[in-house]
Amino acid sequence: MNTCCETLSPQEQRIQEEIKGIFDYTGRERIYRILNSYKMERPVIDIERAKYFTESFKKTEGQPLILRWAKALKHIAEKITIYIDEDQLIVGRTGCKGRYGILYPELDGDFLDLALKDISKRVESPFNVDPKDAQVVVDEIAPYWKGKTFHEELAISLPEETLRYTYDPKDPLKSRFIVNETASFRSSIQWVHDFEKVLKRGFKGIREEAVEKLNALDPLSPMANVKQRPFLEAIIILCDAIILWAKRHSVAAAEMAKAETNPARKKELEKIAEICAWVPENPARTFHEAVQSQWFTQMFSRIEQKTGTVVSNGRMDQYLYPYYLKDKNEGKLTDEQTTELIECMWVGMAQFIDLYISPTGGAFNEGYAHWEAVTVGGQTKDGRDATNELTYIFLRSKREFPLNYPDLAARIHARSPERYLCEVAETIKEGSGFPKLINDEEVIPLHLTKGATFEEIYDYAVSGCSEARMPNRDTYTSGCAYINFAAALEMTLYNGRMRMYGDEQIGDNTGDPRNFKTWEEFWNAYLTHQTNFIKHAFIQQAIIIDVRAKHFAAPLGSALHDLCMKNMVDLHQPYIEGGINLGYFEFIGYGTVIDSLAAIKKRVFEEKRLTMDEVLKALESNFEGCEAVRQLLVNSPCYGNSDPYADTIAKAIDRAALEFTKTYSQELGVHLDLRYVPFTSHVPFGKVVSATPNGRKQWTPLADGSSASHGADVNGPTAILLSNYASKNYDYRERASRLLNIKLSPKCVAGEEGTKKLVSFIRTACDLKLWHIQFNIINKETLLAAQREPDKYKSLLVRVAGYSAYFVDLSPDLQNDIIARTEHAYI
């Protein structure tokens, strides 16, 4: 296959061996048996969670929402089928065997019956559903939720002008991919629980705290009776529910052990029964118990709600380390046993597929996207380096067992040990896209300016795609806007219209650009549309904040949050005393917009080599018959090359957006910070944007994150870092993550010398205070071969946008987007 490639990454070498029928499972026989039992199966929809949640809600109408939610979770814990997989040492799943997804009718109930008809046929992340289960959804589940969902109330609450930017006014189920709300296809943004609290106290201890608070309430207080009592009763019910669920696994394992004829498996099942009888009710005593307790908690969290990008796992190498150290010092645990237990968790994670019923959510999260981030490295609460033996076990596991779960995130800082960075680099070189790197030198100072203490932010966990979470200080859960600023550029070119939507006047009337005499006129027209887009995103957010609290509750998330327990208020309520509300809005199409504006400024207004009419005619024809014009535009100054001409425009765009949020976000009581994190939204957003002045063809993907436009970065990867640095406005605190994708050839990082160069590159990114950087180390020829013969490349992993996915699971558009990223041969 790849005979033309001089150097293959370890992943590519392994795939070539698999094509030849060579598989080496030595030392991981159990893990591969589990993996091979479901690998590459199309996931199936399990309806039990939706069925039992709906059954409970039908019975509890009129009761406080958090109490209804807790009772629904208890009903699910009592009724849901218990599975204990063959070979597994860590048990607890929320659906059927194999790869599966579950339904959240409180989110999608208004169109759930319609969506299931097409879900097995869609290109992006298809699912199978049993016809009998589909009929239950149509007959019993969906009818109850019609007229009750958050999405429906949001659509009728948006002002007419804002609705026009958000949905098709004739069909609110259809996003326009202009100013896109994300709150309706998830009940919370990405989140991290305080798992350490469960390991140290158990849900029995949390329940006791709730009972004590309940008994201390003033029986005559109206607020205590109306607000605080239902909250505390819900926490008690929630604790009972998850303890019951765990004990059902204990009973099932004990029954299986009695019937088991294999002595080794019988002993394993007896141990599982013993552990599940103890945790998560009680504090963990061993490493195995700690892993199992954490697993029960994260899986029950998935039953509780659809957290955007799946609930993340926090700093596993920190909160599991005391149990690892104790067991190892006592001779009860080896590193091999440690690895086997965590990899049992990894293959369990890989079976739960985050299901987006919403077509918009599916388009934003291609390839069965997942962000159950496991954080390693970083610093301790007192600011010292935090790497330990468990950190290196996690990294080694990722190299030796390259599964696309979990989403491994490595925190880096100026004093990260050389060994740590070398092992991070070696893991990146494996080629599967792990780990992504999050930079303490950017994250920590920004959070300090927003009210975090040193202790809180030193202990942050990576969450979701690119975020930093302080589990007991963060309190904002509303999904926020993704904004298609390439659409703002198009409206500048066509006087408030977009070619996708015909003659409809969507944006402001800023005039025919053919009549603009100066660059300043064109620039100001663009800023009018950019500002208007952000205005409508903030209007969306104001309404979302008001409406969401009536539709969603989180008794588990609240039980694990110190401020929720202190104030006796649900996590989804808008304002929790003592919390920090950290939101965002996404700038999608950054490189596309920068390069287009640079081309217009240079070629039309400064050099006058093109007229605006010539540019517009070329765009309207999708450059057919206008290749000379296109080449002149393409060869204009481009972002990603450390070129001050383009980077100055980039910084001005960034500054205008920051100025808006600095002025208006606090009206909402939220830090709505500017981010550049695309997920896969740059693909569907590109499908509504016609040809752009950077030479991009119509309906093709936009530039992703803070990365350069496809093929525009010609001065090497360090120049991309420098453009990112030069385009940031460091005098504003209203900034959050910038995601930067870097694609390198395996040859340029080969061997010990390649590792040294990659470590040096990482340290440069750290010194430049760049929030998020991630790598694809793969040959273009391999990607093209996988497109031609997908059955031979089912195991090929690529970095997409904050997550890795199997290349063959991606749509052709997203595959081509990854192929088109510049592959750098030198570093």
# chains A, B, ... in the order shown; residues from 1 in each chain; ligands from 1
call {"tool": "residues_around", "arguments": {"residues": "Lys757 in chain A", "least_positions_apart": "3", "cutoff": "12 Å", "atoms": "only C-alpha atoms", "output": "list in words"}}
result
Leu421, Cys422, Ala425, Glu426, Lys429, Pro717, Thr718, Leu744, Lys747, Cys748, Val749, Ala750, Gly751, Glu752, Glu753, Gly754, Ser760, Phe761, Ile762, Arg763, Thr764, Tyr826 and Ile827 of chain A
call {"tool": "select_by_dssp", "arguments": {"residues": "range 399-429 of chain A", "states": "helix (DSSP H, G or I)", "output": "list in words"}}
result
Arg399, Glu400, Glu418, Arg419, Tyr420, Leu421, Cys422, Glu423, Val424, Ala425, Glu426, Thr427, Ile428 and Lys429 of chain A
call {"tool": "residues_around", "arguments": {"residues": "range 549-564 of chain A", "least_positions_apart": "3", "cutoff": "6 Å", "atoms": "only C-alpha atoms", "output": "list in words"}}
result
Ile66, Asp194, Ile235, Asn472, Asn567, Met568, Val569, Asp570, Leu571, His572 and Gln573 of chain A
call {"tool": "residues_around", "arguments": {"residues": "Thr166 in chain A", "least_positions_apart": "4", "cutoff": "8 Å", "atoms": "only C-alpha atoms", "output": "PDB file with all heavy atoms, in the first residue's frame"}}
result
ATOM      1  N   THR A 162     -33.769  37.460  15.235  1.00  0.00           N
ATOM      2  CA  THR A 162     -32.820  36.464  15.737  1.00  0.00           C
ATOM      3  C   THR A 162     -33.180  35.078  15.216  1.00  0.00           C
ATOM      4  O   THR A 162     -32.292  34.290  14.859  1.00  0.00           O
ATOM      5  CB  THR A 162     -32.806  36.472  17.273  1.00  0.00           C
ATOM      6  OG1 THR A 162     -32.513  37.798  17.734  1.00  0.00           O
ATOM      7  CG2 THR A 162     -31.763  35.520  17.823  1.00  0.00           C
ATOM      8  N   SER A 175     -31.540  24.096  11.120  1.00  0.00           N
ATOM      9  CA  SER A 175     -30.614  25.182  11.414  1.00  0.00           C
ATOM     10  C   SER A 175     -30.197  25.862  10.115  1.00  0.00           C
ATOM     11  O   SER A 175     -30.086  25.224   9.069  1.00  0.00           O
ATOM     12  CB  SER A 175     -29.376  24.652  12.123  1.00  0.00           C
ATOM     13  OG  SER A 175     -28.377  25.648  12.201  1.00  0.00           O
ATOM     14  N   ARG A 176     -29.927  27.164  10.237  1.00  0.00           N
ATOM     15  CA  ARG A 176     -29.416  27.882   9.071  1.00  0.00           C
ATOM     16  C   ARG A 176     -27.893  27.875   9.036  1.00  0.00           C
ATOM     17  O   ARG A 176     -27.283  28.329   8.076  1.00  0.00           O
ATOM     18  CB  ARG A 176     -29.923  29.327   9.100  1.00  0.00           C
ATOM     19  CG  ARG A 176     -31.402  29.415   8.765  1.00  0.00           C
ATOM     20  CD  ARG A 176     -31.714  30.741   8.143  1.00  0.00           C
ATOM     21  NE  ARG A 176     -32.566  30.578   6.989  1.00  0.00           N
ATOM     22  CZ  ARG A 176     -33.263  31.577   6.453  1.00  0.00           C
ATOM     23  NH1 ARG A 176     -33.198  32.796   6.966  1.00  0.00           N
ATOM     24  NH2 ARG A 176     -34.001  31.379   5.400  1.00  0.00           N
ATOM     25  N   PHE A 177     -27.266  27.411  10.110  1.00  0.00           N
ATOM     26  CA  PHE A 177     -25.806  27.371  10.194  1.00  0.00           C
ATOM     27  C   PHE A 177     -25.205  28.759  10.007  1.00  0.00           C
ATOM     28  O   PHE A 177     -24.169  28.926   9.363  1.00  0.00           O
ATOM     29  CB  PHE A 177     -25.225  26.383   9.185  1.00  0.00           C
ATOM     30  CG  PHE A 177     -25.669  24.962   9.416  1.00  0.00           C
ATOM     31  CD1 PHE A 177     -26.516  24.322   8.519  1.00  0.00           C
ATOM     32  CD2 PHE A 177     -25.260  24.271  10.545  1.00  0.00           C
ATOM     33  CE1 PHE A 177     -26.935  23.014   8.735  1.00  0.00           C
ATOM     34  CE2 PHE A 177     -25.680  22.964  10.784  1.00  0.00           C
ATOM     35  CZ  PHE A 177     -26.520  22.340   9.871  1.00  0.00           C
ATOM     36  N   ILE A 178     -25.867  29.740  10.591  1.00  0.00           N
ATOM     37  CA  ILE A 178     -25.341  31.112  10.566  1.00  0.00           C
ATOM     38  C   ILE A 178     -24.968  31.509  11.989  1.00  0.00           C
ATOM     39  O   ILE A 178     -23.787  31.600  12.328  1.00  0.00           O
ATOM     40  CB  ILE A 178     -26.368  32.098   9.961  1.00  0.00           C
ATOM     41  CG1 ILE A 178     -26.709  31.695   8.522  1.00  0.00           C
ATOM     42  CG2 ILE A 178     -25.810  33.525   9.984  1.00  0.00           C
ATOM     43  CD1 ILE A 178     -27.820  32.519   7.895  1.00  0.00           C
ATOM     44  N   VAL A 179     -25.974  31.740  12.828  1.00  0.00           N
ATOM     45  CA  VAL A 179     -25.737  31.945  14.263  1.00  0.00           C
ATOM     46  C   VAL A 179     -26.426  30.782  14.946  1.00  0.00           C
ATOM     47  O   VAL A 179     -27.636  30.789  15.146  1.00  0.00           O
ATOM     48  CB  VAL A 179     -26.275  33.296  14.752  1.00  0.00           C
ATOM     49  CG1 VAL A 179     -26.001  33.470  16.243  1.00  0.00           C
ATOM     50  CG2 VAL A 179     -25.637  34.441  13.971  1.00  0.00           C
ATOM     51  N   ASN A 180     -25.670  29.767  15.274  1.00  0.00           N
ATOM     52  CA  ASN A 180     -26.225  28.468  15.638  1.00  0.00           C
ATOM     53  C   ASN A 180     -26.254  28.274  17.149  1.00  0.00           C
ATOM     54  O   ASN A 180     -25.211  28.248  17.790  1.00  0.00           O
ATOM     55  CB  ASN A 180     -25.388  27.357  15.019  1.00  0.00           C
ATOM     56  CG  ASN A 180     -26.211  26.166  14.623  1.00  0.00           C
ATOM     57  OD1 ASN A 180     -26.462  25.980  13.447  1.00  0.00           O
ATOM     58  ND2 ASN A 180     -26.664  25.389  15.585  1.00  0.00           N
ATOM     59  N   GLU A 181     -27.469  28.152  17.712  1.00  0.00           N
ATOM     60  CA  GLU A 181     -27.537  27.803  19.133  1.00  0.00           C
ATOM     61  C   GLU A 181     -27.227  26.314  19.288  1.00  0.00           C
ATOM     62  O   GLU A 181     -27.486  25.516  18.385  1.00  0.00           O
ATOM     63  CB  GLU A 181     -28.910  28.159  19.715  1.00  0.00           C
ATOM     64  CG  GLU A 181     -30.117  27.455  19.101  1.00  0.00           C
ATOM     65  CD  GLU A 181     -30.370  26.063  19.641  1.00  0.00           C
ATOM     66  OE1 GLU A 181     -29.808  25.723  20.699  1.00  0.00           O
ATOM     67  OE2 GLU A 181     -31.112  25.314  18.988  1.00  0.00           O
TER      68      GLU A 181
END
call {"tool": "residues_around", "arguments": {"residues": "Thr94 in chain A", "least_positions_apart": "2", "cutoff": "7 Å", "atoms": "only C-alpha atoms", "output": "list of chain:residue names"}}
result
A:Gly92, A:Met299, A:Ile303
call {"tool": "residues_around", "arguments": {"residues": "Leu783 in chain A", "least_positions_apart": "2", "cutoff": "12 Å", "atoms": "only C-alpha atoms", "output": "ChimeraX atom specification"}}
result
/A:1-2,5,12,776-781,785-790,792-798,806-808,810,812,814-821,823
call {"tool": "closest_residue", "arguments": {"among": "A:Asp113, A:Glu41, A:Glu490, A:Glu233", "to": "Glu209 in chain A", "atoms": "only C-alpha atoms"}}
result
A:Glu233
call {"tool": "residues_around", "arguments": {"residues": "range 225-230 of chain A", "least_positions_apart": "4", "cutoff": "12 Å", "atoms": "only C-alpha atoms", "output": "count of residues only"}}
result
36
call {"tool": "select_by_dssp", "arguments": {"residues": "range 462-671 of chain A", "states": "strand (DSSP E)", "output": "list in words"}}
result
Val462, Ser463, Glu467, Ala468, Arg469, Ala481, Tyr482, Ile483, Asn484, Leu582, Gly583, Tyr584, Phe585, Glu586, Phe587, Ile588 and His671 of chain A
call {"tool": "write_last_selection", "arguments": {"atoms": "C-alpha atoms", "output": "short mmCIF file (atom, residue, chain, number, x, y, z; two decimals), in the first residue's frame"}}
result
data_model
loop_
_atom_site.label_atom_id
_atom_site.label_comp_id
_atom_site.auth_asym_id
_atom_site.auth_seq_id
_atom_site.Cartn_x
_atom_site.Cartn_y
_atom_site.Cartn_z
CA VAL A 462 -9.66 19.42 30.75
CA SER A 463 -13.28 19.06 29.75
CA GLU A 467 -12.27 23.60 27.95
CA ALA A 468 -10.87 23.90 31.47
CA ARG A 469 -13.20 23.06 34.36
CA ALA A 481 -23.49 29.80 20.10
CA TYR A 482 -21.39 28.67 17.15
CA ILE A 483 -21.15 31.63 14.77
CA ASN A 484 -20.40 31.31 11.06
CA LEU A 582 -17.87 30.69 32.14
CA GLY A 583 -19.56 30.60 28.74
CA TYR A 584 -18.33 31.30 25.23
CA PHE A 585 -19.17 31.93 21.63
CA GLU A 586 -17.33 30.17 18.81
CA PHE A 587 -15.69 31.96 15.90
CA ILE A 588 -16.03 29.52 13.00
CA HIS A 671 -18.26 35.46 30.87
#
call {"tool": "atom_distance", "arguments": {"atom1": "CA of Glu29 in chain A", "atom2": "CA of Lys97 in chain A"}}
result
19.6 Å
call {"tool": "closest_residue", "arguments": {"among": "A:Val547, A:Ile119, A:Leu739, A:Leu112", "to": "Asp139 in chain A", "atoms": "only C-alpha atoms"}}
result
A:Leu112
